[in-house]
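Asker: One structure is given below, represented as structure tokens, and several questions about it will come after.
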Amino acid sequence: MVEIRHLHKRFGAVEVLSDVSLTAETSKVLCLIGPSGSGKSTLLRCINFLERYEAGDVRVEGELVGYEERGGQRRLASGAKLRQQRRKIGMVFQQFNLWPHMTAIGNVADPLIRVRGFSKAQARERALAVLEKVGLAAKAASYPANLSGGQQQRVAIARALAMEPHLMLFDEPTSALDPELVGEVLQVMRALASEGMTMVVVTHEMGFAAGAADKIAFLDKGRIVQCGPPDILRKSDEPRLRQFLQTYH
Ligand code: ADP
Ligand code: MG
């Protein structure tokens, strides 16, 4: 589903991703872990071209993301091409970014109407079905201010799912939540994974990574230091990973 080859990304003089190669397989969960500033968000954002990259390839479903290649030359993809590529990819951020003046169902239906050209009735029907999936059908008419953080994040997940993405990217989706609200969001993500959604998840929830990931990549200083099955969390003797994990126990 996602194939990253020899990816390099710099901000000014600083290289924040150095020769990153990584794949995310269809219907599997890839978790990205690592210290703050190691490049996890930047890597995730390169997958839907929220960040440009200077060198290397990012391919989603075989197609180079963000660039068009003609006669060996690489040019920025057209806006239409980029929109078409992003359509396959849902993203959930740490901050939920819901519209405060719209109800839960309004937040989920709005992009369907604006981006997909759904009628209002069609959009609300789809939105309600997706809210049901995340356990929030009963809150469809509530405004974000009247929802808990966990509920708001589930609405944000529903909003992404309503677009029927082939791939879901999560950037620390539970980091802004009070501890008692983390579980309900992780539960929704686990259910999504068990239905076969392809997911790339940046997380500090090591329990989630250990239980739900098919593969874990550990980044440090812009490089993938180790990548493997979840049992690397228990078995790896890579010192940087061990040291990182110690800060979470
Ligand atoms: P993580 O998500 O692992 O905490 P990030 O991908 O956010 O790491 O950041 C990686 C590095 O890139 C950090 O050193 C950060 O300061 C830097 N960085 C991130 N975004 C920008 C930006 N827009 N401009 C300049 N530097 C940035
Ligand atoms: Mg980050």
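By convention here, the chains of the structure tokens are called A, B, ... in the order presented, each chain's residues are numbered starting at 1, and ligands are numbered starting at 1 in the order presented.
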Excluding same-chain residues fewer than 6 positions from Ala212 of chain A, what lies within 8 Å of it counting only C-alpha atoms, as a PyMOL selection string?
Answerer: chain A and resi 29+190+193
Asker: Counting only C-alpha atoms and all ligand atoms, which protein, DNA or RNA residues come within 7 Å of ligand 2, given as a PDB file with C-alpha atoms, in the first residue's frame?
Answerer:
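Written out: out_5.pdb:
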```
ATOM      1  CA  SER A  36      10.067  13.622  20.218  1.00  0.00           C
ATOM      2  CA  GLY A  37      11.702  15.308  17.247  1.00  0.00           C
ATOM      3  CA  GLY A  39      10.809  12.756  12.465  1.00  0.00           C
ATOM      4  CA  LYS A  40       7.679  10.635  12.961  1.00  0.00           C
ATOM      5  CA  SER A  41       5.187  13.362  12.024  1.00  0.00           C
ATOM      6  CA  ASP A 171      -0.502  11.209  14.267  1.00  0.00           C
TER       7      ASP A 171
END
```
Asker: Using only C-alpha atoms and all ligand atoms, which protein or nucleic acid residues are at most 10 Å from ligand 1, as a VMD selection string?
Answerer: chain A and resid 9 to 17 32 to 46 51 171 to 172 202 to 203 219 to 222
Asker: I'd like the contact shell of Ser175 of chain A - 10 Å cut-off, only C-alpha atoms, skipping same-chain residues fewer than 4 positions apart - returned as number ranges by chain.
Answerer: A: 93-95, 171, 179, 182, 203-205
Asker: Find the residue from A:Lys81, A:Asn97, A:Ile47, A:Glu125 that sits nearest to Pro144 of chain A; use only C-alpha atoms when measuring.
Answerer: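 Going through A:Lys81, A:Asn97, A:Ile47, A:Glu125 one by one, the smallest distance to Pro144 of chain A is for A:Asn97.
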Asker: Which is closer to Ala191 of chain A than all the others in A:Pro173, A:Gly72, A:Gly228, A:Gly135, using only C-alpha atoms?
Answerer: A:Gly135
Asker: Quick one: of A:Val200, A:Ala209, A:Cys227, A:Leu233, who's nearest to Met91 of chain A, counting only C-alpha atoms?
Answerer: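 Counting only C-alpha atoms, the residue closest to Met91 of chain A is A:Val200.
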Asker: As a PyMOL selection string, please: all residues of segment 100-152 of chain A that backbone DSSP puts in alpha helix (DSSP H).
Answerer: chain A and resi 104-116+120-133+149-152
Asker: Those same residues - N, CA and C atoms - I'd like them written as a PDB file, in the first residue's frame.
Answerer:
```pdb
ATOM      1  N   ALA A 104     -21.853  17.055  15.368  1.00  0.00           N
ATOM      2  CA  ALA A 104     -21.024  15.899  15.010  1.00  0.00           C
ATOM      3  C   ALA A 104     -21.367  15.422  13.601  1.00  0.00           C
ATOM      4  N   ILE A 105     -22.650  15.255  13.337  1.00  0.00           N
ATOM      5  CA  ILE A 105     -23.035  14.747  12.012  1.00  0.00           C
ATOM      6  C   ILE A 105     -22.711  15.770  10.925  1.00  0.00           C
ATOM      7  N   GLY A 106     -22.830  17.050  11.272  1.00  0.00           N
ATOM      8  CA  GLY A 106     -22.471  18.099  10.319  1.00  0.00           C
ATOM      9  C   GLY A 106     -20.994  18.056   9.964  1.00  0.00           C
ATOM     10  N   ASN A 107     -20.152  17.836  10.980  1.00  0.00           N
ATOM     11  CA  ASN A 107     -18.710  17.748  10.750  1.00  0.00           C
ATOM     12  C   ASN A 107     -18.359  16.586   9.818  1.00  0.00           C
ATOM     13  N   VAL A 108     -19.063  15.484   9.977  1.00  0.00           N
ATOM     14  CA  VAL A 108     -18.751  14.302   9.154  1.00  0.00           C
ATOM     15  C   VAL A 108     -19.332  14.464   7.743  1.00  0.00           C
ATOM     16  N   ALA A 109     -20.512  15.083   7.675  1.00  0.00           N
ATOM     17  CA  ALA A 109     -21.190  15.202   6.374  1.00  0.00           C
ATOM     18  C   ALA A 109     -20.580  16.297   5.496  1.00  0.00           C
ATOM     19  N   ASP A 110     -20.039  17.335   6.141  1.00  0.00           N
ATOM     20  CA  ASP A 110     -19.588  18.525   5.393  1.00  0.00           C
ATOM     21  C   ASP A 110     -18.594  18.228   4.262  1.00  0.00           C
ATOM     22  N   PRO A 111     -17.507  17.471   4.543  1.00  0.00           N
ATOM     23  CA  PRO A 111     -16.585  17.195   3.436  1.00  0.00           C
ATOM     24  C   PRO A 111     -17.204  16.322   2.339  1.00  0.00           C
ATOM     25  N   LEU A 112     -18.162  15.508   2.702  1.00  0.00           N
ATOM     26  CA  LEU A 112     -18.835  14.687   1.678  1.00  0.00           C
ATOM     27  C   LEU A 112     -19.593  15.586   0.696  1.00  0.00           C
ATOM     28  N   ILE A 113     -20.188  16.637   1.252  1.00  0.00           N
ATOM     29  CA  ILE A 113     -20.948  17.566   0.418  1.00  0.00           C
ATOM     30  C   ILE A 113     -19.994  18.443  -0.403  1.00  0.00           C
ATOM     31  N   ARG A 114     -18.971  18.985   0.293  1.00  0.00           N
ATOM     32  CA  ARG A 114     -18.090  19.943  -0.382  1.00  0.00           C
ATOM     33  C   ARG A 114     -17.099  19.280  -1.334  1.00  0.00           C
ATOM     34  N   VAL A 115     -16.552  18.128  -0.915  1.00  0.00           N
ATOM     35  CA  VAL A 115     -15.493  17.503  -1.715  1.00  0.00           C
ATOM     36  C   VAL A 115     -16.045  16.435  -2.656  1.00  0.00           C
ATOM     37  N   ARG A 116     -17.062  15.723  -2.210  1.00  0.00           N
ATOM     38  CA  ARG A 116     -17.540  14.595  -2.999  1.00  0.00           C
ATOM     39  C   ARG A 116     -18.820  14.883  -3.776  1.00  0.00           C
ATOM     40  N   LYS A 120     -27.180  16.705   0.468  1.00  0.00           N
ATOM     41  CA  LYS A 120     -27.248  16.799   1.925  1.00  0.00           C
ATOM     42  C   LYS A 120     -27.778  15.515   2.550  1.00  0.00           C
ATOM     43  N   ALA A 121     -28.838  14.982   1.936  1.00  0.00           N
ATOM     44  CA  ALA A 121     -29.475  13.784   2.493  1.00  0.00           C
ATOM     45  C   ALA A 121     -28.538  12.579   2.419  1.00  0.00           C
ATOM     46  N   GLN A 122     -27.883  12.422   1.275  1.00  0.00           N
ATOM     47  CA  GLN A 122     -26.928  11.313   1.118  1.00  0.00           C
ATOM     48  C   GLN A 122     -25.793  11.432   2.131  1.00  0.00           C
ATOM     49  N   ALA A 123     -25.299  12.656   2.282  1.00  0.00           N
ATOM     50  CA  ALA A 123     -24.157  12.885   3.170  1.00  0.00           C
ATOM     51  C   ALA A 123     -24.533  12.566   4.611  1.00  0.00           C
ATOM     52  N   ARG A 124     -25.716  12.981   5.014  1.00  0.00           N
ATOM     53  CA  ARG A 124     -26.135  12.729   6.395  1.00  0.00           C
ATOM     54  C   ARG A 124     -26.369  11.243   6.649  1.00  0.00           C
ATOM     55  N   GLU A 125     -26.842  10.555   5.632  1.00  0.00           N
ATOM     56  CA  GLU A 125     -27.053   9.110   5.770  1.00  0.00           C
ATOM     57  C   GLU A 125     -25.709   8.396   5.969  1.00  0.00           C
ATOM     58  N   ARG A 126     -24.729   8.749   5.121  1.00  0.00           N
ATOM     59  CA  ARG A 126     -23.388   8.150   5.259  1.00  0.00           C
ATOM     60  C   ARG A 126     -22.774   8.546   6.593  1.00  0.00           C
ATOM     61  N   ALA A 127     -22.923   9.822   6.969  1.00  0.00           N
ATOM     62  CA  ALA A 127     -22.311  10.318   8.202  1.00  0.00           C
ATOM     63  C   ALA A 127     -22.867   9.586   9.418  1.00  0.00           C
ATOM     64  N   LEU A 128     -24.161   9.361   9.409  1.00  0.00           N
ATOM     65  CA  LEU A 128     -24.777   8.675  10.546  1.00  0.00           C
ATOM     66  C   LEU A 128     -24.270   7.239  10.650  1.00  0.00           C
ATOM     67  N   ALA A 129     -24.132   6.579   9.504  1.00  0.00           N
ATOM     68  CA  ALA A 129     -23.637   5.200   9.495  1.00  0.00           C
ATOM     69  C   ALA A 129     -22.216   5.143  10.063  1.00  0.00           C
ATOM     70  N   VAL A 130     -21.390   6.126   9.718  1.00  0.00           N
ATOM     71  CA  VAL A 130     -20.005   6.105  10.196  1.00  0.00           C
ATOM     72  C   VAL A 130     -19.939   6.484  11.677  1.00  0.00           C
ATOM     73  N   LEU A 131     -20.798   7.412  12.097  1.00  0.00           N
ATOM     74  CA  LEU A 131     -20.843   7.743  13.525  1.00  0.00           C
ATOM     75  C   LEU A 131     -21.265   6.523  14.342  1.00  0.00           C
ATOM     76  N   GLU A 132     -22.155   5.744  13.782  1.00  0.00           N
ATOM     77  CA  GLU A 132     -22.592   4.508  14.436  1.00  0.00           C
ATOM     78  C   GLU A 132     -21.398   3.571  14.630  1.00  0.00           C
ATOM     79  N   LYS A 133     -20.580   3.495  13.613  1.00  0.00           N
ATOM     80  CA  LYS A 133     -19.377   2.655  13.641  1.00  0.00           C
ATOM     81  C   LYS A 133     -18.436   3.029  14.777  1.00  0.00           C
ATOM     82  N   GLY A 149     -13.228  14.913  24.898  1.00  0.00           N
ATOM     83  CA  GLY A 149     -12.108  14.838  23.953  1.00  0.00           C
ATOM     84  C   GLY A 149     -12.098  13.515  23.189  1.00  0.00           C
ATOM     85  N   GLY A 150     -12.397  12.436  23.910  1.00  0.00           N
ATOM     86  CA  GLY A 150     -12.417  11.119  23.265  1.00  0.00           C
ATOM     87  C   GLY A 150     -13.516  11.036  22.218  1.00  0.00           C
ATOM     88  N   GLN A 151     -14.671  11.610  22.543  1.00  0.00           N
ATOM     89  CA  GLN A 151     -15.782  11.623  21.579  1.00  0.00           C
ATOM     90  C   GLN A 151     -15.438  12.498  20.375  1.00  0.00           C
ATOM     91  N   GLN A 152     -14.811  13.636  20.649  1.00  0.00           N
ATOM     92  CA  GLN A 152     -14.426  14.518  19.528  1.00  0.00           C
ATOM     93  C   GLN A 152     -13.436  13.817  18.599  1.00  0.00           C
TER      94      GLN A 152
END
```
Asker: Can you pull out the residues contacting Gly79 of chain A? Cut-off 12 Å, using only C-alpha atoms, and skip same-chain residues under 6 positions away; I want them as an MDAnalysis selection string.
Answerer: chainID A and resid 49 65:68 85:86
Asker: Go ahead and save the residues from that selection, with C-alpha atoms, as a PDB file, in the first residue's frame.
Answerer:
```
ATOM      1  CA  PHE A  49       2.461  15.132   0.704  1.00  0.00           C
ATOM      2  CA  VAL A  65       3.038  10.810  -4.342  1.00  0.00           C
ATOM      3  CA  GLY A  66       3.240  14.522  -5.071  1.00  0.00           C
ATOM      4  CA  TYR A  67       5.343  14.353  -8.221  1.00  0.00           C
ATOM      5  CA  GLU A  68       4.891  13.463 -11.834  1.00  0.00           C
ATOM      6  CA  GLN A  85      -4.010  11.051  -4.521  1.00  0.00           C
ATOM      7  CA  ARG A  86      -5.047  12.482  -1.158  1.00  0.00           C
TER       8      ARG A  86
END
```
Asker: Using only C-alpha atoms, find the one residue out of A:Met1, A:Ile89, A:His8, A:Ala158 that sits nearest to Glu61 of chain A.
Answerer: A:Met1
Asker: Step one, run DSSP on the backbone; step two, keep only residues of segment 74-224 of chain A assigned to strand (DSSP E or B); then write them as number ranges by chain.
Answerer: A: 74-76, 89-92, 167-171, 198-202, 215-220, 223-224
Asker: Write a file of the just-selected residues containing N, CA and C atoms, as a compact mmCIF listing (two decimals), in the first residue's frame.
Answerer:
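Result file is part32.txt:
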```txt
# COMPACT_ATOMS: atom_id res chain seq x y z
N ARG A 74 11.40 15.04 -12.75
CA ARG A 74 10.37 15.02 -11.73
C ARG A 74 9.81 16.42 -11.54
N ARG A 75 8.50 16.55 -11.67
CA ARG A 75 7.85 17.85 -11.44
C ARG A 75 6.77 17.68 -10.39
N LEU A 76 6.46 18.79 -9.72
CA LEU A 76 5.35 18.75 -8.77
C LEU A 76 4.08 18.32 -9.50
N ILE A 89 -6.48 8.81 1.10
CA ILE A 89 -5.77 8.79 2.37
C ILE A 89 -6.51 9.62 3.41
N GLY A 90 -6.89 8.98 4.50
CA GLY A 90 -7.51 9.71 5.61
C GLY A 90 -6.45 10.04 6.65
N MET A 91 -6.62 11.18 7.31
CA MET A 91 -5.64 11.53 8.35
C MET A 91 -6.32 12.01 9.61
N VAL A 92 -5.79 11.57 10.74
CA VAL A 92 -6.30 11.98 12.05
C VAL A 92 -5.14 12.56 12.84
N LEU A 167 -6.37 4.10 3.02
CA LEU A 167 -5.26 4.13 3.97
C LEU A 167 -5.57 5.19 5.01
N MET A 168 -5.31 4.89 6.27
CA MET A 168 -5.53 5.88 7.34
C MET A 168 -4.21 6.18 8.04
N LEU A 169 -3.93 7.48 8.19
CA LEU A 169 -2.74 7.93 8.91
C LEU A 169 -3.18 8.56 10.23
N PHE A 170 -2.54 8.18 11.29
CA PHE A 170 -2.87 8.71 12.62
C PHE A 170 -1.60 9.32 13.22
N ASP A 171 -1.66 10.59 13.62
CA ASP A 171 -0.50 11.21 14.27
C ASP A 171 -0.81 11.48 15.73
N THR A 198 -5.91 -0.45 6.28
CA THR A 198 -4.47 -0.23 6.30
C THR A 198 -4.19 1.03 7.11
N MET A 199 -3.33 0.92 8.10
CA MET A 199 -3.11 2.04 9.02
C MET A 199 -1.63 2.28 9.27
N VAL A 200 -1.25 3.56 9.30
CA VAL A 200 0.07 3.95 9.77
C VAL A 200 -0.16 4.87 10.96
N VAL A 201 0.35 4.47 12.11
CA VAL A 201 0.00 5.13 13.37
C VAL A 201 1.25 5.59 14.11
N VAL A 202 1.38 6.90 14.28
CA VAL A 202 2.41 7.42 15.19
C VAL A 202 1.81 7.40 16.59
N LYS A 215 3.64 -4.37 12.44
CA LYS A 215 5.04 -4.00 12.28
C LYS A 215 5.28 -2.70 13.03
N ILE A 216 6.43 -2.59 13.63
CA ILE A 216 6.80 -1.38 14.35
C ILE A 216 8.13 -0.86 13.80
N ALA A 217 8.14 0.45 13.51
CA ALA A 217 9.40 1.08 13.09
C ALA A 217 9.80 2.08 14.15
N PHE A 218 11.02 1.96 14.63
CA PHE A 218 11.54 2.86 15.64
C PHE A 218 12.47 3.87 14.98
N LEU A 219 12.09 5.15 15.10
CA LEU A 219 12.91 6.22 14.51
C LEU A 219 13.71 6.93 15.58
N ASP A 220 14.90 7.32 15.23
CA ASP A 220 15.69 8.18 16.09
C ASP A 220 16.51 9.09 15.19
N ARG A 223 16.27 8.64 11.35
CA ARG A 223 16.59 7.36 10.72
C ARG A 223 15.77 6.24 11.33
N ILE A 224 15.50 5.22 10.54
CA ILE A 224 14.87 4.04 11.11
C ILE A 224 15.97 3.18 11.72
```
Asker: Go ahead and compute the interatomic distance for atom CA of Gly196 of chain A and atom CA of Asp19 of chain A, in Å to one decimal.
Answerer: 29.2 Å
Asker: One decimal, in Å: what's the spacing between atom CA of Thr174 of chain A and atom CA of Leu161 of chain A?
Answerer: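 Between atom CA of Thr174 of chain A and atom CA of Leu161 of chain A the gap works out to 17.3 Å.
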Asker: Please compute the atom CA of Asn48 of chain A-atom CA of Arg70 of chain A distance, one decimal, in Å.
Answerer: 20.9 Å
